[in-house]
file work21.cif (mmCIF, C-alpha atoms)
data_final
loop_
_atom_site.label_atom_id
_atom_site.label_comp_id
_atom_site.auth_asym_id
_atom_site.auth_seq_id
_atom_site.Cartn_x
_atom_site.Cartn_y
_atom_site.Cartn_z
CA PHE A 1 50.05 -20.50 -19.36
CA VAL A 2 50.53 -23.81 -17.54
CA ALA A 3 52.08 -24.14 -14.08
CA ALA A 4 53.22 -27.50 -12.70
CA ASP A 5 54.28 -28.53 -9.20
CA SER A 6 56.42 -31.44 -10.46
CA ASP A 7 57.59 -33.20 -13.62
CA GLY A 8 55.24 -35.55 -15.47
CA ASP A 9 52.74 -35.97 -18.28
CA ILE A 10 49.97 -33.42 -18.81
CA VAL A 11 46.50 -34.60 -19.87
CA PHE A 12 43.97 -32.07 -21.16
CA ASN A 13 40.29 -32.97 -20.79
CA ASN A 14 36.95 -31.52 -19.73
CA SER A 15 35.88 -34.26 -17.34
CA GLN A 16 34.95 -31.67 -14.72
CA ARG A 17 32.52 -29.95 -17.09
CA ASN A 18 29.05 -30.78 -18.38
CA PHE A 19 28.12 -30.25 -21.98
CA VAL A 20 25.03 -28.05 -22.24
CA ARG A 21 23.45 -27.05 -25.52
CA GLU A 22 22.70 -23.40 -26.19
CA THR A 23 20.72 -23.67 -29.43
CA GLY A 24 20.44 -27.39 -29.99
CA ALA A 25 22.93 -29.92 -31.26
CA SER A 26 25.57 -28.60 -33.65
CA ILE A 27 26.65 -30.62 -36.69
CA PHE A 28 29.55 -29.41 -38.81
CA LEU A 29 30.09 -30.69 -42.37
CA PHE A 30 33.41 -29.91 -44.01
CA GLY A 31 33.41 -29.98 -47.80
CA GLU A 32 30.59 -30.90 -50.18
CA PRO A 33 29.39 -34.52 -50.13
CA GLN A 34 29.74 -36.51 -53.34
CA GLU A 35 26.43 -38.02 -54.45
CA GLU A 36 28.01 -41.05 -56.14
CA GLN A 37 30.00 -41.89 -53.06
CA ASN A 38 26.94 -41.47 -50.84
CA GLU A 39 24.86 -43.74 -53.07
CA GLN A 40 27.50 -46.47 -52.97
CA GLU A 41 28.35 -46.28 -49.31
CA GLY A 42 24.88 -45.37 -48.05
CA PRO A 43 24.16 -43.09 -45.09
CA THR A 44 26.86 -42.65 -42.52
CA THR A 45 26.44 -42.05 -38.82
CA ASN A 46 28.63 -40.40 -36.25
CA PRO A 47 28.32 -41.90 -32.77
CA ASP A 48 29.48 -38.65 -31.18
CA ILE A 49 26.74 -36.68 -32.97
CA ASP A 50 24.09 -39.31 -32.20
CA GLN A 51 24.99 -39.13 -28.54
CA GLN A 52 24.99 -35.34 -28.68
CA LEU A 53 21.43 -35.34 -30.05
CA ASP A 54 20.20 -37.06 -26.89
CA ASP A 55 21.76 -35.00 -24.13
CA SER A 56 18.65 -33.72 -22.38
CA ASP A 57 19.90 -35.12 -19.08
CA LEU A 58 22.83 -32.69 -19.21
CA ASP A 59 20.68 -29.61 -19.80
CA ALA A 60 19.93 -29.08 -16.11
CA PRO A 61 20.35 -25.42 -15.09
CA ASP A 62 23.21 -24.39 -12.84
CA MET A 63 21.50 -23.64 -9.50
CA ARG A 64 24.65 -22.99 -7.48
CA GLU A 65 24.87 -19.76 -5.49
CA LYS A 66 27.17 -17.26 -7.18
CA PHE A 67 28.41 -13.97 -5.75
CA ARG A 68 30.02 -11.53 -8.20
CA ILE A 69 31.96 -8.83 -6.34
CA GLY A 70 33.03 -5.76 -8.31
CA PHE A 71 35.97 -3.39 -7.83
CA ASP A 72 36.47 0.03 -9.44
CA SER A 73 40.00 1.47 -9.32
CA PRO A 74 41.03 5.15 -9.37
CA SER A 75 41.58 4.93 -13.15
CA LEU A 76 38.09 3.34 -13.54
CA TYR A 77 39.49 -0.13 -14.21
CA HIS A 78 36.82 -2.68 -13.26
CA ARG A 79 37.55 -6.11 -11.84
CA GLN A 80 34.87 -8.70 -11.11
CA LEU A 81 35.54 -11.53 -8.67
CA LEU A 82 33.43 -14.69 -8.49
CA LEU A 83 32.60 -16.81 -5.45
CA THR A 84 30.65 -19.99 -6.22
CA VAL A 85 29.12 -22.32 -3.63
CA ASP A 86 29.76 -25.90 -4.74
CA PRO A 87 29.50 -28.86 -2.31
CA THR A 88 32.22 -30.75 -4.21
CA THR A 89 34.85 -28.13 -3.35
CA THR A 90 36.85 -27.33 -0.20
CA PHE A 91 38.02 -24.18 1.53
CA GLY A 92 41.49 -24.86 0.14
CA ILE A 93 42.76 -24.66 -3.42
CA ASP A 94 40.69 -26.81 -5.77
CA ARG A 95 41.98 -27.25 -9.27
CA ALA A 96 39.41 -26.72 -12.04
CA TYR A 97 37.32 -24.65 -9.61
CA ASP A 98 39.61 -21.89 -8.32
CA GLY A 99 41.08 -19.40 -10.76
CA GLU A 100 44.54 -18.16 -9.79
CA ILE A 101 46.01 -15.03 -11.34
CA GLN A 102 49.77 -14.42 -11.39
CA PHE A 103 50.20 -11.53 -13.80
CA GLY A 104 47.38 -9.08 -13.12
CA PRO A 105 47.08 -5.35 -13.81
CA THR A 106 48.78 -2.81 -11.56
CA GLU A 107 45.37 -1.71 -10.19
CA ASP A 108 43.51 -4.76 -9.05
CA MET A 109 41.51 -6.58 -6.38
CA THR A 110 41.74 -10.34 -5.89
CA TRP A 111 40.85 -13.06 -3.43
CA ASP A 112 43.66 -13.93 -1.02
CA MET A 113 44.06 -17.63 -0.30
CA GLU A 114 47.21 -19.38 0.94
CA ASP A 115 49.33 -16.35 -0.03
CA LYS A 116 48.13 -16.58 -3.63
CA LYS A 117 45.81 -14.35 -5.64
CA PHE A 118 42.60 -15.66 -7.20
CA VAL A 119 39.78 -14.18 -9.26
CA ILE A 120 37.50 -17.24 -8.88
CA LEU A 121 36.82 -19.22 -5.71
CA GLY A 122 34.80 -22.38 -5.21
CA VAL A 123 33.72 -23.03 -1.62
CA PRO A 124 31.48 -25.74 -0.11
CA ASN A 125 29.25 -23.26 1.77
CA VAL A 126 28.99 -19.81 3.30
CA THR A 127 28.06 -19.31 6.94
CA ASP A 128 28.08 -16.60 9.57
CA VAL A 129 31.69 -17.46 10.43
CA SER A 130 32.96 -17.60 6.84
CA GLU A 131 35.50 -14.92 5.94
CA PHE A 132 37.06 -14.44 2.51
CA PRO A 133 39.96 -11.96 2.54
CA LEU A 134 40.73 -9.62 -0.36
CA VAL A 135 43.91 -8.01 -1.67
CA VAL A 136 43.74 -4.51 -3.15
CA THR A 137 46.73 -3.28 -5.16
CA LEU A 138 47.18 0.36 -6.18
CA PRO A 139 50.24 2.01 -7.77
CA GLN A 140 49.03 5.40 -6.57
CA SER A 141 46.47 6.74 -4.11
CA GLY A 142 42.93 7.39 -5.23
CA PRO A 143 39.22 6.62 -4.76
CA ILE A 144 38.04 3.01 -4.97
CA ARG A 145 34.66 1.33 -4.90
CA ILE A 146 33.70 -2.23 -3.89
CA ARG A 147 30.21 -3.45 -4.66
CA ILE A 148 28.04 -6.36 -5.74
CA ASP A 149 27.97 -6.75 -9.51
CA ALA A 150 25.45 -9.59 -9.55
CA LEU A 151 23.96 -12.41 -7.48
CA GLU A 152 22.80 -15.71 -8.95
CA ASN A 153 20.51 -18.17 -7.16
CA VAL A 154 20.96 -16.23 -3.90
CA ASP A 155 18.02 -15.67 -1.57
CA THR A 156 18.58 -12.13 -0.32
CA GLU A 157 15.86 -12.65 2.30
CA THR A 158 18.11 -15.08 4.17
CA THR A 159 21.61 -14.19 2.90
CA THR A 160 23.37 -10.86 3.40
CA VAL A 161 26.79 -9.91 2.02
CA PHE A 162 29.04 -7.57 4.00
CA LEU A 163 32.43 -5.96 3.45
CA LYS A 164 34.51 -5.64 6.61
CA ASP A 165 37.16 -2.92 6.77
CA ARG A 166 39.57 -3.88 9.54
CA VAL A 167 41.42 -0.57 9.45
CA GLN A 168 38.40 1.72 9.71
CA ASN A 169 36.61 -0.88 11.85
CA THR A 170 33.46 -0.71 9.72
CA VAL A 171 31.09 -3.24 8.19
CA THR A 172 29.18 -2.31 5.01
CA ASN A 173 26.04 -4.13 3.90
CA LEU A 174 26.71 -4.45 0.17
CA LEU A 175 23.05 -5.30 -0.48
CA GLU A 176 22.14 -1.79 0.65
CA GLY A 177 24.97 0.20 -0.92
CA ASP A 178 28.55 0.34 -2.22
CA TYR A 179 31.70 0.78 -0.21
CA GLU A 180 33.69 3.86 -1.23
CA THR A 181 36.87 5.34 0.18
CA THR A 182 40.18 6.93 -0.80
CA LEU A 183 42.96 4.38 -0.51
CA GLU A 184 46.69 4.90 -0.32
CA SER A 185 49.02 3.26 -2.82
CA GLY A 186 50.47 -0.17 -2.12
CA GLU A 187 49.30 -3.75 -1.63
CA HIS A 188 46.65 -3.93 1.05
CA TYR A 189 46.53 -7.37 2.66
CA ASN A 190 44.33 -8.35 5.63
CA ARG A 191 42.30 -5.15 5.44
CA TYR A 192 39.20 -6.10 3.47
CA VAL A 193 37.14 -9.24 4.07
CA ILE A 194 33.87 -10.47 2.55
CA VAL A 195 31.61 -11.95 5.23
CA PHE A 196 28.07 -13.34 5.18
CA ARG A 197 25.05 -13.59 7.39
CA LYS A 198 22.68 -16.54 6.98
CA ASP A 199 19.21 -16.29 8.53
CA SER A 200 17.93 -19.74 7.53
CA ASN A 201 17.75 -20.94 11.16
CA GLU A 202 15.47 -18.05 12.11
CA GLU A 203 13.21 -18.82 9.18
CA GLU A 204 12.96 -22.46 10.21
CA THR A 205 12.12 -21.41 13.76
CA THR A 206 9.42 -19.09 12.45
CA GLU A 207 7.88 -21.91 10.41
CA GLU A 208 7.89 -24.17 13.47
CA GLU A 209 6.23 -21.45 15.54
CA GLU A 210 3.57 -20.97 12.87
CA GLU A 211 2.86 -24.71 12.85
CA GLU A 212 2.57 -24.74 16.67
CA GLU A 213 0.19 -21.75 16.62
CA GLN A 214 -1.93 -23.46 13.97
CA GLU A 215 -2.09 -26.65 16.05
CA GLU A 216 -3.11 -24.63 19.13
CA GLU A 217 -5.86 -22.88 17.17
CA GLU A 218 -7.15 -26.22 15.88
CA THR A 219 -7.09 -27.66 19.42
CA GLU A 220 -8.98 -24.65 20.79
CA GLY A 221 -11.54 -24.98 17.99
CA ASP A 222 -12.09 -28.66 18.77
CA TRP A 223 -12.47 -27.85 22.50
CA GLU A 224 -15.07 -25.15 21.76
CA GLU A 225 -17.04 -27.55 19.55
CA GLU A 226 -17.00 -30.19 22.30
CA GLU A 227 -18.17 -27.60 24.86
CA GLU A 228 -21.00 -26.50 22.58
CA GLY A 229 -21.97 -30.14 22.10
CA GLU A 230 -22.10 -30.68 25.87
CA GLU A 231 -24.35 -27.64 26.31
CA THR A 232 -26.68 -28.90 23.59
CA SER A 233 -26.90 -32.30 25.30
CA GLU A 234 -27.72 -30.66 28.64
CA GLU A 235 -30.47 -28.55 27.06
CA TRP A 236 -31.92 -31.62 25.34
CA GLU A 237 -31.98 -33.53 28.67
CA GLU A 238 -33.75 -30.61 30.42
CA GLU A 239 -36.39 -30.43 27.67
CA GLU A 240 -36.92 -34.20 27.89
CA GLU A 241 -37.40 -34.00 31.67
CA GLU A 242 -39.92 -31.16 31.31
CA THR A 243 -41.81 -33.10 28.66
CA THR A 244 -41.86 -36.23 30.81
CA GLY A 245 -43.06 -34.32 33.84
CA THR A 246 -45.96 -32.75 31.92
CA GLY A 247 -47.11 -36.14 30.69
CA GLU A 248 -47.34 -37.53 34.24
CA ASP A 249 -49.56 -34.62 35.39
CA THR A 250 -51.91 -35.15 32.47
CA ASP A 251 -52.34 -38.84 33.25
CA THR A 252 -53.17 -38.06 36.88
CA ASP A 253 -55.88 -35.59 35.90
CA THR A 254 -57.43 -38.10 33.52
CA GLU A 255 -57.62 -40.81 36.13
CA ALA A 256 -59.18 -38.43 38.59
#

call {"tool": "encode", "arguments": {"input": "work21.cif", "output": "C-alpha coordinates"}}
result
Amino acid sequence: FVAADSDGDIVFNNSQRNFVRETGASIFLFGEPQEEQNEQEGPTTNPDIDQQLDDSDLDAPDMREKFRIGFDSPSLYHRQLLLTVDPTTTFGIDRAYDGEIQFGPTEDMTWDMEDKKFVILGVPNVTDVSEFPLVVTLPQSGPIRIRIDALENVDTETTTVFLKDRVQNTVTNLLEGDYETTLESGEHYNRYVIVFRKDSNEEETTEEEEEEEQEEEETEGDWEEEEEGEETSEEWEEEEEETTGTGEDTDTDTEA
(Lines of atoms letter the chains of each structure in order from A and count residues from 1; the text may use other names and numbers.)
(Lines give C-alpha, C1' and ligand atoms only; values in the text may rest on other atoms or scores of the structure.)
Protein backbone atom coordinates (compact mmCIF):
# COMPACT_ATOMS: atom_id res chain seq x y z
CA PHE A 1 0.00 0.00 0.00
CA VAL A 2 1.43 3.36 -1.05
CA ALA A 3 0.09 6.73 0.13
CA ALA A 4 1.07 9.99 -1.57
CA ASP A 5 0.54 13.61 -0.52
CA SER A 6 0.69 14.90 -4.11
CA ASP A 7 1.09 13.79 -7.73
CA GLY A 8 4.53 12.88 -9.07
CA ASP A 9 7.02 10.12 -9.79
CA ILE A 10 7.75 7.43 -7.21
CA VAL A 11 11.31 6.13 -6.78
CA PHE A 12 11.92 2.94 -4.81
CA ASN A 13 15.36 2.53 -3.23
CA ASN A 14 17.05 1.48 0.01
CA SER A 15 19.34 4.47 0.43
CA GLN A 16 18.29 4.79 4.08
CA ARG A 17 19.41 1.24 4.85
CA ASN A 18 22.78 -0.43 5.33
CA PHE A 19 23.52 -3.80 3.86
CA VAL A 20 24.69 -6.20 6.58
CA ARG A 21 25.63 -9.79 5.92
CA GLU A 22 24.10 -12.54 8.03
CA THR A 23 26.13 -15.54 6.86
CA GLY A 24 28.63 -14.05 4.46
CA ALA A 25 28.28 -12.85 0.90
CA SER A 26 25.59 -14.56 -1.17
CA ILE A 27 26.22 -15.48 -4.81
CA PHE A 28 23.37 -16.84 -6.92
CA LEU A 29 24.03 -18.72 -10.17
CA PHE A 30 21.06 -19.35 -12.44
CA GLY A 31 21.44 -22.24 -14.85
CA GLU A 32 24.44 -24.50 -15.44
CA PRO A 33 27.57 -22.88 -16.92
CA GLN A 34 28.76 -24.17 -20.28
CA GLU A 35 32.40 -25.28 -20.17
CA GLU A 36 33.11 -24.43 -23.82
CA GLN A 37 31.76 -20.94 -23.41
CA ASN A 38 33.74 -20.44 -20.20
CA GLU A 39 36.96 -21.61 -21.86
CA GLN A 40 36.48 -19.19 -24.76
CA GLU A 41 35.37 -16.18 -22.79
CA GLY A 42 37.47 -16.83 -19.69
CA PRO A 43 36.42 -16.01 -16.13
CA THR A 44 33.77 -13.38 -15.64
CA THR A 45 33.42 -10.97 -12.75
CA ASN A 46 30.46 -9.18 -11.30
CA PRO A 47 31.30 -5.76 -9.84
CA ASP A 48 28.29 -5.92 -7.53
CA ILE A 49 29.45 -9.26 -6.09
CA ASP A 50 33.06 -8.09 -5.80
CA GLN A 51 31.91 -5.07 -3.86
CA GLN A 52 29.65 -7.24 -1.72
CA LEU A 53 32.61 -9.45 -0.75
CA ASP A 54 34.34 -6.46 0.84
CA ASP A 55 31.62 -4.94 2.98
CA SER A 56 33.18 -5.29 6.42
CA ASP A 57 32.72 -1.56 7.03
CA LEU A 58 28.95 -2.04 6.88
CA ASP A 59 28.86 -4.87 9.42
CA ALA A 60 28.81 -2.54 12.42
CA PRO A 61 26.20 -3.60 15.00
CA ASP A 62 23.11 -1.50 15.55
CA MET A 63 23.72 0.13 18.95
CA ARG A 64 20.65 2.35 18.99
CA GLU A 65 18.37 2.21 22.02
CA LYS A 66 15.18 0.29 21.25
CA PHE A 67 12.09 0.01 23.45
CA ARG A 68 9.57 -2.70 22.53
CA ILE A 69 6.25 -2.10 24.28
CA GLY A 70 3.73 -4.95 24.30
CA PHE A 71 -0.07 -4.92 24.49
CA ASP A 72 -2.38 -7.86 25.24
CA SER A 73 -6.06 -7.41 24.35
CA PRO A 74 -9.08 -9.13 25.96
CA SER A 75 -9.05 -11.75 23.18
CA LEU A 76 -5.29 -12.32 23.79
CA TYR A 77 -4.26 -10.50 20.60
CA HIS A 78 -0.69 -9.23 21.07
CA ARG A 79 0.65 -6.03 19.57
CA GLN A 80 4.28 -4.93 19.88
CA LEU A 81 5.22 -1.28 19.40
CA LEU A 82 8.77 -0.11 18.74
CA LEU A 83 10.43 3.13 19.82
CA THR A 84 13.96 3.64 18.47
CA VAL A 85 16.34 6.42 19.50
CA ASP A 86 18.08 7.71 16.38
CA PRO A 87 19.84 11.12 16.29
CA THR A 88 18.97 11.55 12.60
CA THR A 89 15.23 11.64 13.33
CA THR A 90 12.90 14.30 14.75
CA PHE A 91 9.91 14.30 17.08
CA GLY A 92 7.69 14.72 14.04
CA ILE A 93 6.88 12.25 11.27
CA ASP A 94 10.02 10.93 9.60
CA ARG A 95 9.56 8.88 6.48
CA ALA A 96 11.54 5.62 6.38
CA TYR A 97 11.75 5.70 10.19
CA ASP A 98 8.15 5.94 11.45
CA GLY A 99 5.71 3.17 10.63
CA GLU A 100 2.13 4.36 10.19
CA ILE A 101 -0.78 1.93 10.31
CA GLN A 102 -4.13 2.78 8.70
CA PHE A 103 -5.99 -0.52 8.68
CA GLY A 104 -5.28 -2.23 11.99
CA PRO A 105 -7.21 -4.90 13.90
CA THR A 106 -10.28 -3.99 15.93
CA GLU A 107 -8.35 -4.62 19.18
CA ASP A 108 -5.14 -2.68 19.06
CA MET A 109 -2.70 -0.28 20.69
CA THR A 110 -0.67 2.22 18.67
CA TRP A 111 1.45 5.32 19.06
CA ASP A 112 -0.48 8.57 18.63
CA MET A 113 1.35 11.28 16.69
CA GLU A 114 -0.21 14.20 14.83
CA ASP A 115 -3.63 12.49 14.92
CA LYS A 116 -2.23 9.43 13.14
CA LYS A 117 -1.54 5.92 14.38
CA PHE A 118 1.94 4.38 14.27
CA VAL A 119 3.48 1.07 15.30
CA ILE A 120 7.10 2.30 14.92
CA LEU A 121 8.55 5.61 16.08
CA GLY A 122 12.00 7.06 15.57
CA VAL A 123 12.93 9.85 17.99
CA PRO A 124 16.21 11.76 18.49
CA ASN A 125 16.33 11.16 22.26
CA VAL A 126 14.33 10.38 25.38
CA THR A 127 14.45 12.63 28.43
CA ASP A 128 12.57 13.20 31.66
CA VAL A 129 10.14 15.49 29.85
CA SER A 130 9.53 13.20 26.86
CA GLU A 131 5.98 11.86 26.58
CA PHE A 132 4.76 9.45 23.91
CA PRO A 133 0.96 9.06 23.90
CA LEU A 134 -0.80 5.80 23.07
CA VAL A 135 -4.17 4.93 21.57
CA VAL A 136 -6.00 1.82 22.79
CA THR A 137 -8.94 0.57 20.72
CA LEU A 138 -11.38 -2.06 21.99
CA PRO A 139 -14.67 -3.20 20.39
CA GLN A 140 -15.84 -4.50 23.75
CA SER A 141 -14.83 -4.15 27.40
CA GLY A 142 -12.29 -6.52 28.89
CA PRO A 143 -8.93 -6.94 30.63
CA ILE A 144 -5.81 -5.52 28.99
CA ARG A 145 -2.12 -5.64 29.77
CA ILE A 146 0.69 -3.23 28.80
CA ARG A 147 4.27 -4.29 29.39
CA ILE A 148 7.83 -4.25 28.12
CA ASP A 149 8.46 -6.98 25.56
CA ALA A 150 12.17 -6.27 25.16
CA LEU A 151 14.86 -3.62 25.56
CA GLU A 152 17.89 -3.34 23.30
CA ASN A 153 21.03 -1.35 24.14
CA VAL A 154 19.22 0.26 27.09
CA ASP A 155 21.02 0.82 30.39
CA THR A 156 18.33 0.04 32.96
CA GLU A 157 20.58 1.47 35.70
CA THR A 158 20.08 4.96 34.29
CA THR A 159 16.88 4.63 32.22
CA THR A 160 13.43 3.78 33.59
CA VAL A 161 10.27 3.29 31.53
CA PHE A 162 6.90 4.29 32.99
CA LEU A 163 3.28 4.07 31.86
CA LYS A 164 1.16 7.03 32.96
CA ASP A 165 -2.60 6.52 33.30
CA ARG A 166 -4.18 9.96 33.23
CA VAL A 167 -7.64 8.69 34.18
CA GLN A 168 -6.62 6.68 37.23
CA ASN A 169 -3.83 9.17 37.96
CA THR A 170 -1.24 6.41 38.35
CA VAL A 171 2.30 5.83 37.11
CA THR A 172 3.55 2.25 36.64
CA ASN A 173 7.23 1.36 36.49
CA LEU A 174 7.23 -1.14 33.62
CA LEU A 175 10.70 -2.36 34.59
CA GLU A 176 9.22 -3.68 37.83
CA GLY A 177 5.92 -5.07 36.57
CA ASP A 178 3.11 -5.00 34.00
CA TYR A 179 0.15 -2.66 33.90
CA GLU A 180 -3.19 -4.49 34.05
CA THR A 181 -6.73 -3.17 34.18
CA THR A 182 -10.23 -3.72 32.80
CA LEU A 183 -10.94 -1.21 30.06
CA GLU A 184 -14.24 -0.15 28.58
CA SER A 185 -14.89 -0.43 24.85
CA GLY A 186 -14.05 2.44 22.53
CA GLU A 187 -11.02 4.39 21.33
CA HIS A 188 -9.03 5.70 24.26
CA TYR A 189 -7.02 8.78 23.31
CA ASN A 190 -4.95 10.90 25.72
CA ARG A 191 -5.23 8.36 28.53
CA TYR A 192 -2.02 6.35 28.32
CA VAL A 193 1.45 7.86 27.91
CA ILE A 194 4.92 6.29 27.91
CA VAL A 195 7.37 8.45 29.87
CA PHE A 196 11.02 8.02 30.83
CA ARG A 197 13.38 8.89 33.63
CA LYS A 198 17.06 9.41 32.84
CA ASP A 199 19.55 9.36 35.74
CA SER A 200 22.71 10.05 33.74
CA ASN A 201 23.26 13.46 35.40
CA GLU A 202 23.25 11.88 38.86
CA GLU A 203 25.78 9.30 37.73
CA GLU A 204 28.06 12.00 36.37
CA THR A 205 27.78 13.91 39.63
CA THR A 206 28.67 10.76 41.56
CA GLU A 207 31.75 10.21 39.42
CA GLU A 208 32.84 13.81 40.00
CA GLU A 209 32.34 13.40 43.74
CA GLU A 210 34.41 10.22 43.72
CA GLU A 211 37.22 12.01 41.87
CA GLU A 212 37.13 14.88 44.39
CA GLU A 213 37.23 12.45 47.34
CA GLN A 214 40.18 10.65 45.77
CA GLU A 215 42.03 13.94 45.26
CA GLU A 216 41.36 14.90 48.90
CA GLU A 217 42.67 11.54 50.11
CA GLU A 218 45.82 11.94 48.00
CA THR A 219 46.32 15.48 49.34
CA GLU A 220 45.89 14.30 52.94
CA GLY A 221 48.37 11.49 52.31
CA ASP A 222 50.95 13.91 50.92
CA TRP A 223 50.44 16.23 53.92
CA GLU A 224 50.95 13.36 56.37
CA GLU A 225 54.16 12.32 54.59
CA GLU A 226 55.46 15.89 54.74
CA GLU A 227 54.61 16.09 58.46
CA GLU A 228 56.41 12.81 59.13
CA GLY A 229 59.40 14.10 57.19
CA GLU A 230 59.50 17.27 59.30
CA GLU A 231 59.42 15.23 62.51
CA THR A 232 62.28 13.07 61.27
CA SER A 233 64.34 16.17 60.45
CA GLU A 234 63.72 17.60 63.93
CA GLU A 235 64.78 14.33 65.59
CA TRP A 236 67.92 14.21 63.45
CA GLU A 237 68.82 17.80 64.44
CA GLU A 238 68.32 17.00 68.15
CA GLU A 239 70.56 13.92 67.89
CA GLU A 240 73.22 15.97 66.09
CA GLU A 241 73.15 18.64 68.82
CA GLU A 242 73.48 16.00 71.55
CA THR A 243 76.39 14.39 69.72
CA THR A 244 78.11 17.74 69.25
CA GLY A 245 77.65 18.66 72.88
CA THR A 246 79.19 15.38 74.09
CA GLY A 247 82.24 15.91 71.92
CA GLU A 248 82.94 19.34 73.45
CA ASP A 249 82.87 17.92 77.01
CA THR A 250 85.32 15.19 76.07
CA ASP A 251 87.79 17.66 74.61
CA THR A 252 87.67 19.79 77.77
CA ASP A 253 88.43 16.81 80.00
CA THR A 254 91.37 15.83 77.83
CA GLU A 255 92.92 19.27 77.96
CA ALA A 256 92.52 19.37 81.70

call {"tool": "atom_distance", "arguments": {"input": "work21.cif", "atom1": "atom CA of A:Ile144", "atom2": "atom CA of A:Glu176"}}
result
17.5 Å

call {"tool": "resolve_selection", "arguments": {"input": "work21.cif", "expression": "the PyMOL selection byres ((chain A and resi 183-200) around 6)", "output": "PyMOL selection string"}}
result
chain A and resi 128+131-142+158-166+182+201-203

call {"tool": "closest_residue", "arguments": {"input": "work21.cif", "among": "A:Thr181, A:Asn125, A:Thr89, A:Ser6", "to": "A:Pro74", "atoms": "all atoms listed in the file"}}
result
A:Thr181

call {"tool": "atom_distance", "arguments": {"input": "work21.cif", "atom1": "atom CA of A:Gly92", "atom2": "atom CA of A:Glu107"}}
result
25.6 Å

call {"tool": "residues_near_point", "arguments": {"input": "work21.cif", "point": "(42.2, 1.1, -15.7)", "cutoff": "10 Å", "atoms": "all atoms listed in the file", "output": "NGL selection string"}}
result
:A and (72-79 or 105-108)

call {"tool": "write_last_selection", "arguments": {"input": "work21.cif", "atoms": "C-alpha atoms", "output": "PDB file, in the coordinates of the input"}}
result
ATOM      1  CA  ASP A  72      36.470   0.030  -9.440  1.00  0.00           C
ATOM      2  CA  SER A  73      40.000   1.470  -9.320  1.00  0.00           C
ATOM      3  CA  PRO A  74      41.030   5.150  -9.370  1.00  0.00           C
ATOM      4  CA  SER A  75      41.580   4.930 -13.150  1.00  0.00           C
ATOM      5  CA  LEU A  76      38.090   3.340 -13.540  1.00  0.00           C
ATOM      6  CA  TYR A  77      39.490  -0.130 -14.210  1.00  0.00           C
ATOM      7  CA  HIS A  78      36.820  -2.680 -13.260  1.00  0.00           C
ATOM      8  CA  ARG A  79      37.550  -6.110 -11.840  1.00  0.00           C
ATOM      9  CA  PRO A 105      47.080  -5.350 -13.810  1.00  0.00           C
ATOM     10  CA  THR A 106      48.780  -2.810 -11.560  1.00  0.00           C
ATOM     11  CA  GLU A 107      45.370  -1.710 -10.190  1.00  0.00           C
ATOM     12  CA  ASP A 108      43.510  -4.760  -9.050  1.00  0.00           C
TER      13      ASP A 108
END

call {"tool": "atom_distance", "arguments": {"input": "work21.cif", "atom1": "atom CA of A:Asp5", "atom2": "atom CA of A:Met113"}}
result
17.4 Å

call {"tool": "closest_residue", "arguments": {"input": "work21.cif", "among": "A:Gly104, A:Gly70, A:Pro143, A:Gly122", "to": "A:Asp86", "atoms": "all atoms listed in the file"}}
result
A:Gly122

call {"tool": "residues_around", "arguments": {"input": "work21.cif", "residues": "stretch 114-118 of chain A", "least_positions_apart": "4", "cutoff": "8 Å", "atoms": "all atoms listed in the file", "output": "VMD selection string"}}
result
chain A and resid 92 98 to 102 110 135

call {"tool": "resolve_selection", "arguments": {"input": "work21.cif", "expression": "the PyMOL selection byres ((chain A and resi 65-68) around 9)", "output": "list in words"}}
result
Asp62, Met63, Arg64, Ile69, Gly70, Gln80, Leu81, Leu82, Leu83, Thr84, Val85, Asp86, Arg147, Ile148, Asp149, Ala150, Leu151, Glu152, Asn153, Val154, Asp155 and Val161 of chain A
